[in-house]
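A.B. asks: Starting off with a structure, shown below.
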Amino acid sequence: MKKQTVIELRGITKRFGASIVANKNVSIDVKKGEILSILGENGCGKTTLMNMLAGIYYPDEGTILIRGEEVSIRSPKDAFHYNIGMIHQHFKLIDVFTAAENIVIGTHDDGKYDIKSAKNRIREMSEKYGFHIDLDKKVYEMSVSEKQTVEIVKALYRGADVLILDEPTAVLTPQEIDRLFDVLRAMRENGKSVIIITHKLNEVMEISDRVTVLRKGEHIKTVNTSETNEKELADMMVGQKVTLNIDRPMPENPELRLEVEGLSLMGSEGHLLLDDVSFSAYGGEILGIAGIAGTGQRELLESIAGLHHLQSGRVTYYNPKKDKPITFFHKTFERVMELAGSGMLRYADGRDFTGKDEKGKPLSKKTIRGQVEAGEIFFKEDEVINLREKTPLQIRELGVRFSFVPEDRLGMGLVANMDITDNMMLRSYRRGKSAFVDRKTPEELANDIIESLQVVTPDVHTPVRRLSGGNIQKVLVGREIAAGPRVLMAAYPVRGLDINSSYTIYNLLTDQKKNGVAVIFVGEDLDVLLSLCDRILVLAGGKVMGTVDARKAKKEEIGLMMMGTALEDIEKQEGGSL
Amino acid sequence: MEKQQTKQEQIKKEPWLRIVKRDALPAWKIILIYAIAIVASLLLSAIICSLFSSKNPLAFFTSLFTGAFGSPRRIWLLLQDTALLLGVAVALVPAFKMKFWNLGGNGQILVGCLAAISCMFYLGGKIPDALLILIMTVASIIAGAVWGVLPAIFKAYFGTNESLFTLMLNYIATGLVAMFITIWVKSGSGVLEPLSSGNFPALFGNKYILTVLVFLILAILMYIYLKYTKHGYEIAVVGDSPNTAKYIGIDVKRVIIRTMIISGALSGVVGLFLAGGIHHTISTASANNMGFTAIMAAWLASFNPLVMIGTCFFIIFIAKGMVEVRGNFGFTNDSIANIVIGLVYFCVIACSFFITYRVVFRKSGAKRKKTDEAKGVD
């Protein structure tokens with residue numbers, strides 16, 4: 001029996017601005033009584049495509065047919081008119097209203113609600129599809145899964161025949177996912193069409209009848225789930241490996257610089273954002289971090305930088321100090337005495353420095369100060385510093401030279417309304433005892449960066465919000481590198497940048513690597529990760545799936561790991577097939 | 001054919017006027033825009049006022065200027081009130097720069113004033129005036145600072161909404177003043193007679209100069225504090241991007257509390273001058289709503305303390321001038337004066353829109369065709 005086609009998209013193209021093409025000539029169809037998965041990496045245009053069905057965006061080119069009729073969906077209201085309902089990732093519910101009130105609101109044009117009969121209708125529906133819903137519960141008292149149920153019922157109550165769910169399982173526990181899938185199957189039995197946007201391969205295999213794969217805005221292929229497997233889908237998703245022309249020297253004498261052990265971080269909703277993450281970063285190499293967006297990369301870097309309260313785990317920094325005398329530049333007198341007490345310091349000739357003379361009598365503060373200032377006291381080994389539970393300021397005061405290019409450039413890295421000079425001083429304004437800030441040095445630095453990175457700006461007194469994305473990033477990266485880091489963490493440093501600016505940034509990172517800096521690069525483009533990095537750590541769902549050698553790794557392998565398959569399992573499978 | 005349709009659709013989609021953000025204007029153009037707005041608003045006010053009375057619109061301007069500058073005493077009063085308003089604006093500006101919406105200026109002034117009057121009431125005559133003034137100063141500063149720091153502590157540690165908190169403290173301050181007046185004034189008239197001790201000395205034989213000088217100096221100091229000190233830099237970072245502040249290790253809680261201590265203390269100083277320098281008494285209306293008027297002054301000056309000297313002067317000038325206009329035009333109530341003041345504010349605020357944005361009108365069909373053709377010729 002051939003199923004009836006409900007929705008047909010023909011040659012849909014959507015552009016944002018002149019250069020970004022979110023969807024390019026996409027043609028797909030949705031049949032009555034089926035579950036269709038839309039699969040693809042982040043930024044491949046899945047959500048944009050569906051938003052055009054839901055009336056959020058309007059396509060630039062192409063046509064949408066519903067039950068064979070050409071339609072134009074200009075608003076969510078139009079979408080409801082055609083019985084299309086979309087459940088967005090961020091729920092659109094009113095917190096202080098009950099479930100029932102949220103479901104009926106906006107459905108009656110005359111402004112009267114008959115909650116009682118509405119409740120009866122909702123109950124009937126719930127029985128039909130197997131929802132568990134407490135209609136009198138207020139939304140703010142609900143769990144994420146309950147809110148999602150309300151959203152689904154809301155769409156069905158408005159008569160949706162086609163239900164679009166944007167990453168519905170992202171915030172659910174495995175049990176809740178099972179329950180959701182039961183509901184979706186019941187809906188399929190009742191002749192509804194369900195579209196789920198996802199990037200989880202196992203769920204695609206479990207629930208859907210057909211899978212549409214998108215890559216970089218283009219429709220790659222639509223296949224029947226029964227005729228494909230996870231590996232084939234992963235291949236379609238990531239595509240062929242493209243080697244980029246990025247200079248990648250072999251790491252020279254990599255030295256352990258940063259060690260993360262068993263790091264776990266709890267999110268505000270009580271689920272683990274990072275689950276037992278362990279890895280090491282070495283000076284002189286670039287460690288890539290790959291993963292679907294929002295799988296813990298940001299939290300990982302922020303945890304290392306001291307911005308989160310960790311559930312468990314250790315972050316250890318190895319300060320390369322053994323060949324250089326200690327100074328008061330980074331160490332306070334108290335800290336020097338603390339280090340001496342734990343037996344970590346020595347004199348140039350190898351004798352222990354304990355803050356006491358040969359007879360065990362404590363040296364005067366003045367003598368010790370003199371010795372440190374004369375450069376007579378050294379670390380025995382590389383200094384080991386525990387960074388757990390330290391604030392960013394404490395970390396800096398311990399002499400740890402971290403630089404961090406955060407994902408949110410204007411929200412966290414720079415101050416949008418301040419000029420370039422003032423942004424240069426963010427890290428250094430505290431220097432000196434004076435109550436006044438010194439703007440001379442930062443201005444020189446700003447001029448240096450503008451010149452060496454070719455930042456396009458009228459002058460150093462232009463507020464950074466007036467610069468273009470690429471130039472903002474150059475200012476930020478320039479400042480972080482100028483701080484002379486030992487560890488440089490960069491989250492999506494080329495996001496939104498054109499090719500030339502991207503290469504400028506890649507080269508800067510490689511230069512830092514050559515200088516012996518441990519570079520940690522979080523990226524989203526696998527081709528870039530494979531061409532730029534030395535090793536790649538793959539995260540999925542806040543867990544480490546494995547670390548691969550970027551010179552040898554296969555793209556599909558990383559693709560599978562990003563989808564939640566551990567490296568060991570992939571190796572086992574490959575071993576088995578051999 | 002399909003293409004034609006989409007083109008028509010696009011035309012339909014373009015609204016007939018659009019608002020476009022413009023690049024930074026040179027300073028002289030900004031000043032010109034403001035000047036035009038002020039002149040336009042005054043002309044409009046003149047017309048309205050003459051409509052409601054039989055007077056000549058020109059009389060509006062003469063009355064306005066006589067009201068403000070008519071006699072040496074009037075000029076000194078104008079300067080003194082400008083200085084007081086400037087004092088409040090200077091007190092509020094660090095909080096506002098930090099995006100801490102301090103609406104509690106009135107309350108902070110009142111408690112400062114109350115503290116000074118209490119000292120005058122209880123210690124007056126018992127200790128030398130010089131010592132009394134010193135104690136009054138300390139008491140006012142502490143009282144204002146406490147009134148400022150309370151909402152700051154709650155904001156920093158519990159995320160309480162500072163606007164509501166500061167606003168509510170105004171009522172508590174008013175209540176406190178009413179309570180003390182009842183205790184002090186045994187006659188039951190509810191009016192505290194001016195106190196004779198603890199009055200500020202006249203400088204160069206002029207009782208206004210001290211107030212004017214003190215607040216002028218405070219404005220300059222505040223300008224330096226915000227622009228050139230590390231504290232000022234921290235305030236700007238916290239106000240603009242709290243996450244950045246957190247990341248670079250600024251203790252946001254500390255900055256909020258420290259800044260509000262300063263803000264409250266400076267409001268307390270205004271209260272001190274009301275008590276010791278000007279009224280020598282207190283009423284629930286002593287703050288004269290300056291806590292709110294000063295927000296206007298600070299906002300119009302884009303939070304620049306030096307520019308605030310000008311905006312405060314302008315606001316007081318209009319207020320003083322309108323009193324005279326009211327008398328001369330025979331208006332029996334305040335409404336017309338308030339309408340005019342509102343109108344002037346409105347024009348000045350509205351014109352700042354034209355500094356940030358420009359309005360683009362949709363070209364009509366024929367015009368569009370023309371420009372298209374012109375482009376084709378090129």
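To be explicit about the labels: the chains of the structure tokens are called A, B, and onward in the order shown, and within each one the residues are counted from 1, while ligands get numbers from 1 in the order they are shown.
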With only C-alpha atoms as the counted atoms, please give the residues lying no more than 6 Å from region 516-520 of chain A, apart from itself and same-chain residues fewer than 5 positions off, as a PyMOL selection string.

C.D. replies: chain A and resi 282-288+486-489

A.B. asks: Got time to write the residues from that selection, N, CA, C and O atoms, as a PDB file, in the first residue's frame?

C.D. replies:
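Printed below is result08.pdb as written:
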```pdb
ATOM      1  N   TYR A 282      49.518  18.669  26.174  1.00  0.00           N
ATOM      2  CA  TYR A 282      50.966  18.813  26.193  1.00  0.00           C
ATOM      3  C   TYR A 282      51.378  20.123  25.545  1.00  0.00           C
ATOM      4  O   TYR A 282      50.752  20.579  24.584  1.00  0.00           O
ATOM      5  N   GLY A 283      52.467  20.694  26.084  1.00  0.00           N
ATOM      6  CA  GLY A 283      53.033  21.882  25.465  1.00  0.00           C
ATOM      7  C   GLY A 283      53.563  21.500  24.093  1.00  0.00           C
ATOM      8  O   GLY A 283      54.144  20.435  23.923  1.00  0.00           O
ATOM      9  N   GLY A 284      53.346  22.348  23.096  1.00  0.00           N
ATOM     10  CA  GLY A 284      53.877  22.069  21.775  1.00  0.00           C
ATOM     11  C   GLY A 284      52.971  21.239  20.901  1.00  0.00           C
ATOM     12  O   GLY A 284      53.394  20.773  19.846  1.00  0.00           O
ATOM     13  N   GLU A 285      51.748  21.029  21.324  1.00  0.00           N
ATOM     14  CA  GLU A 285      50.826  20.337  20.433  1.00  0.00           C
ATOM     15  C   GLU A 285      49.453  21.002  20.494  1.00  0.00           C
ATOM     16  O   GLU A 285      49.138  21.735  21.424  1.00  0.00           O
ATOM     17  N   ILE A 286      48.668  20.725  19.452  1.00  0.00           N
ATOM     18  CA  ILE A 286      47.297  21.220  19.453  1.00  0.00           C
ATOM     19  C   ILE A 286      46.372  20.038  19.708  1.00  0.00           C
ATOM     20  O   ILE A 286      46.393  19.055  18.971  1.00  0.00           O
ATOM     21  N   LEU A 287      45.628  20.134  20.788  1.00  0.00           N
ATOM     22  CA  LEU A 287      44.649  19.104  21.105  1.00  0.00           C
ATOM     23  C   LEU A 287      43.291  19.603  20.635  1.00  0.00           C
ATOM     24  O   LEU A 287      42.829  20.651  21.062  1.00  0.00           O
ATOM     25  N   GLY A 288      42.700  18.853  19.718  1.00  0.00           N
ATOM     26  CA  GLY A 288      41.383  19.247  19.240  1.00  0.00           C
ATOM     27  C   GLY A 288      40.306  18.635  20.101  1.00  0.00           C
ATOM     28  O   GLY A 288      40.492  17.547  20.655  1.00  0.00           O
ATOM     29  N   ARG A 486      50.814  29.720  28.564  1.00  0.00           N
ATOM     30  CA  ARG A 486      51.384  28.370  28.529  1.00  0.00           C
ATOM     31  C   ARG A 486      50.330  27.404  28.011  1.00  0.00           C
ATOM     32  O   ARG A 486      50.635  26.385  27.443  1.00  0.00           O
ATOM     33  N   VAL A 487      49.068  27.732  28.323  1.00  0.00           N
ATOM     34  CA  VAL A 487      47.955  26.941  27.817  1.00  0.00           C
ATOM     35  C   VAL A 487      47.000  27.920  27.142  1.00  0.00           C
ATOM     36  O   VAL A 487      46.630  28.931  27.732  1.00  0.00           O
ATOM     37  N   LEU A 488      46.669  27.630  25.891  1.00  0.00           N
ATOM     38  CA  LEU A 488      45.760  28.500  25.166  1.00  0.00           C
ATOM     39  C   LEU A 488      44.515  27.700  24.799  1.00  0.00           C
ATOM     40  O   LEU A 488      44.606  26.703  24.089  1.00  0.00           O
ATOM     41  N   MET A 489      43.375  28.109  25.345  1.00  0.00           N
ATOM     42  CA  MET A 489      42.137  27.392  25.052  1.00  0.00           C
ATOM     43  C   MET A 489      41.294  28.262  24.136  1.00  0.00           C
ATOM     44  O   MET A 489      41.065  29.432  24.430  1.00  0.00           O
TER      45      MET A 489
END
```

A.B. asks: Per DSSP on the backbone, filter region 39-143 of chain A down to the residues in helix (DSSP H, G or I) and report them as a PyMOL selection string.

C.D. replies: chain A and resi 46-53+76-81+99-104+115-129+139-141

A.B. asks: Please identify all residues of chain A having at least one atom at most 8 Å from any atom of chain B, considering only C-alpha atoms, and return them as a list in words.

C.D. replies: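 Within 8 Å of chain B on chain A, we get Leu307, Thr391, Pro392, Leu393, Gly411, Met412, Gly413, Leu414, Val415, Ala416, Asn417, Leu426, Arg427, Tyr429, Arg430, Ala435, Phe436 and Val437 of chain A.
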
A.B. asks: Convert the current residue selection to file output with C-alpha atoms, as a short mmCIF file (atom, residue, chain, number, x, y, z; two decimals), in the first residue's frame.

C.D. replies:
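Below is the file that was written, result27.cif:
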```cif
data_model
loop_
_atom_site.label_atom_id
_atom_site.label_comp_id
_atom_site.auth_asym_id
_atom_site.auth_seq_id
_atom_site.Cartn_x
_atom_site.Cartn_y
_atom_site.Cartn_z
CA LEU A 307 34.30 29.40 36.25
CA THR A 391 38.58 31.33 40.93
CA PRO A 392 39.96 32.79 37.69
CA LEU A 393 41.71 35.48 39.70
CA GLY A 411 29.57 38.28 26.28
CA MET A 412 32.64 36.90 27.99
CA GLY A 413 35.85 37.74 26.18
CA LEU A 414 35.38 41.38 25.40
CA VAL A 415 33.29 44.31 26.57
CA ALA A 416 31.29 45.45 23.55
CA ASN A 417 30.92 49.12 24.45
CA LEU A 426 40.93 43.59 30.86
CA ARG A 427 43.63 41.18 31.92
CA TYR A 429 44.48 46.72 34.44
CA ARG A 430 45.21 45.67 38.03
CA ALA A 435 44.57 53.75 41.91
CA PHE A 436 44.62 54.96 38.34
CA VAL A 437 44.67 52.79 35.25
#
```

A.B. asks: What lies within 6 Å of region 192-208 of chain B using only C-alpha atoms, ignoring chain neighbours under 6 positions off, as a ChimeraX atom specification?

C.D. replies: /B:120,124,129,132-133,276-277,280-281

A.B. asks: Based on the selection just made, write N, CA, C and O atoms of those residues as a tab-separated table (two decimals), in the first residue's frame.

C.D. replies:
```tsv
chain	number	residue	atom	x	y	z
B	120	MET	N	22.00	68.37	64.65
B	120	MET	CA	21.76	69.77	64.98
B	120	MET	C	20.77	69.89	66.14
B	120	MET	O	20.91	70.72	67.02
B	124	GLY	N	23.09	70.63	69.10
B	124	GLY	CA	23.18	72.07	68.87
B	124	GLY	C	23.28	72.85	70.17
B	124	GLY	O	22.51	72.60	71.09
B	129	ASP	N	30.16	74.84	67.05
B	129	ASP	CA	29.58	74.63	65.74
B	129	ASP	C	30.51	73.87	64.80
B	129	ASP	O	30.07	73.02	64.02
B	132	LEU	N	30.34	70.35	65.56
B	132	LEU	CA	29.00	69.88	65.20
B	132	LEU	C	28.91	69.62	63.70
B	132	LEU	O	28.41	68.58	63.26
B	133	ILE	N	29.45	70.54	62.92
B	133	ILE	CA	29.39	70.37	61.46
B	133	ILE	C	30.17	69.13	61.05
B	133	ILE	O	29.74	68.36	60.19
B	276	GLY	N	22.34	71.63	56.61
B	276	GLY	CA	23.24	72.60	57.22
B	276	GLY	C	23.38	73.88	56.43
B	276	GLY	O	23.62	74.94	56.99
B	277	GLY	N	23.24	73.79	55.11
B	277	GLY	CA	23.56	74.94	54.28
B	277	GLY	C	22.35	75.73	53.84
B	277	GLY	O	22.46	76.93	53.58
B	280	HIS	N	18.08	74.34	57.01
B	280	HIS	CA	18.26	74.24	58.46
B	280	HIS	C	17.07	73.56	59.12
B	280	HIS	O	16.87	73.64	60.33
B	281	THR	N	16.25	72.92	58.34
B	281	THR	CA	15.13	72.15	58.89
B	281	THR	C	14.86	70.99	57.93
B	281	THR	O	15.57	70.83	56.94
```

A.B. asks: Would you mind reading off the distance between CA of Glu218 (chain A) and CA of Leu53 (chain A), one decimal, in Å?

C.D. replies: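 Calculated distance between CA of Glu218 (chain A) and CA of Leu53 (chain A) is 16.8 Å.
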
A.B. asks: Quick one: residues within 12 Å of Glu376 (chain A), only C-alpha atoms counted, chain neighbours fewer than 6 positions away excluded, as a list in words?

C.D. replies: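 Close residues of Glu376 (chain A): Asp323, Lys324, Pro325, Ile326, Thr327, Leu345, Arg346, Tyr347, Ala348, Asp349, Gly350, Arg351, Asp352, Phe353, Thr367, Ile368, Arg369 and Gly370 of chain A.
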
A.B. asks: Compare A:Ala374, A:Ile246, A:Arg396, A:Pro362 by their minimum atom-to-atom distance to Tyr317 (chain A), counting only C-alpha atoms, and give me the closest one.

C.D. replies: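 Among the listed residues, A:Arg396 lies closest to Tyr317 (chain A).
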
A.B. asks: Rounded to one decimal, what separation in Å do you get between CA of Thr48 (chain A) and CA of Ala22 (chain A)?

C.D. replies: 6.9 Å

A.B. asks: What is the CA of Val340 (chain B)-CA of Asn288 (chain B) distance in Å, reported with one decimal?

C.D. replies: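 Between CA of Val340 (chain B) and CA of Asn288 (chain B) the gap works out to 18.9 Å.
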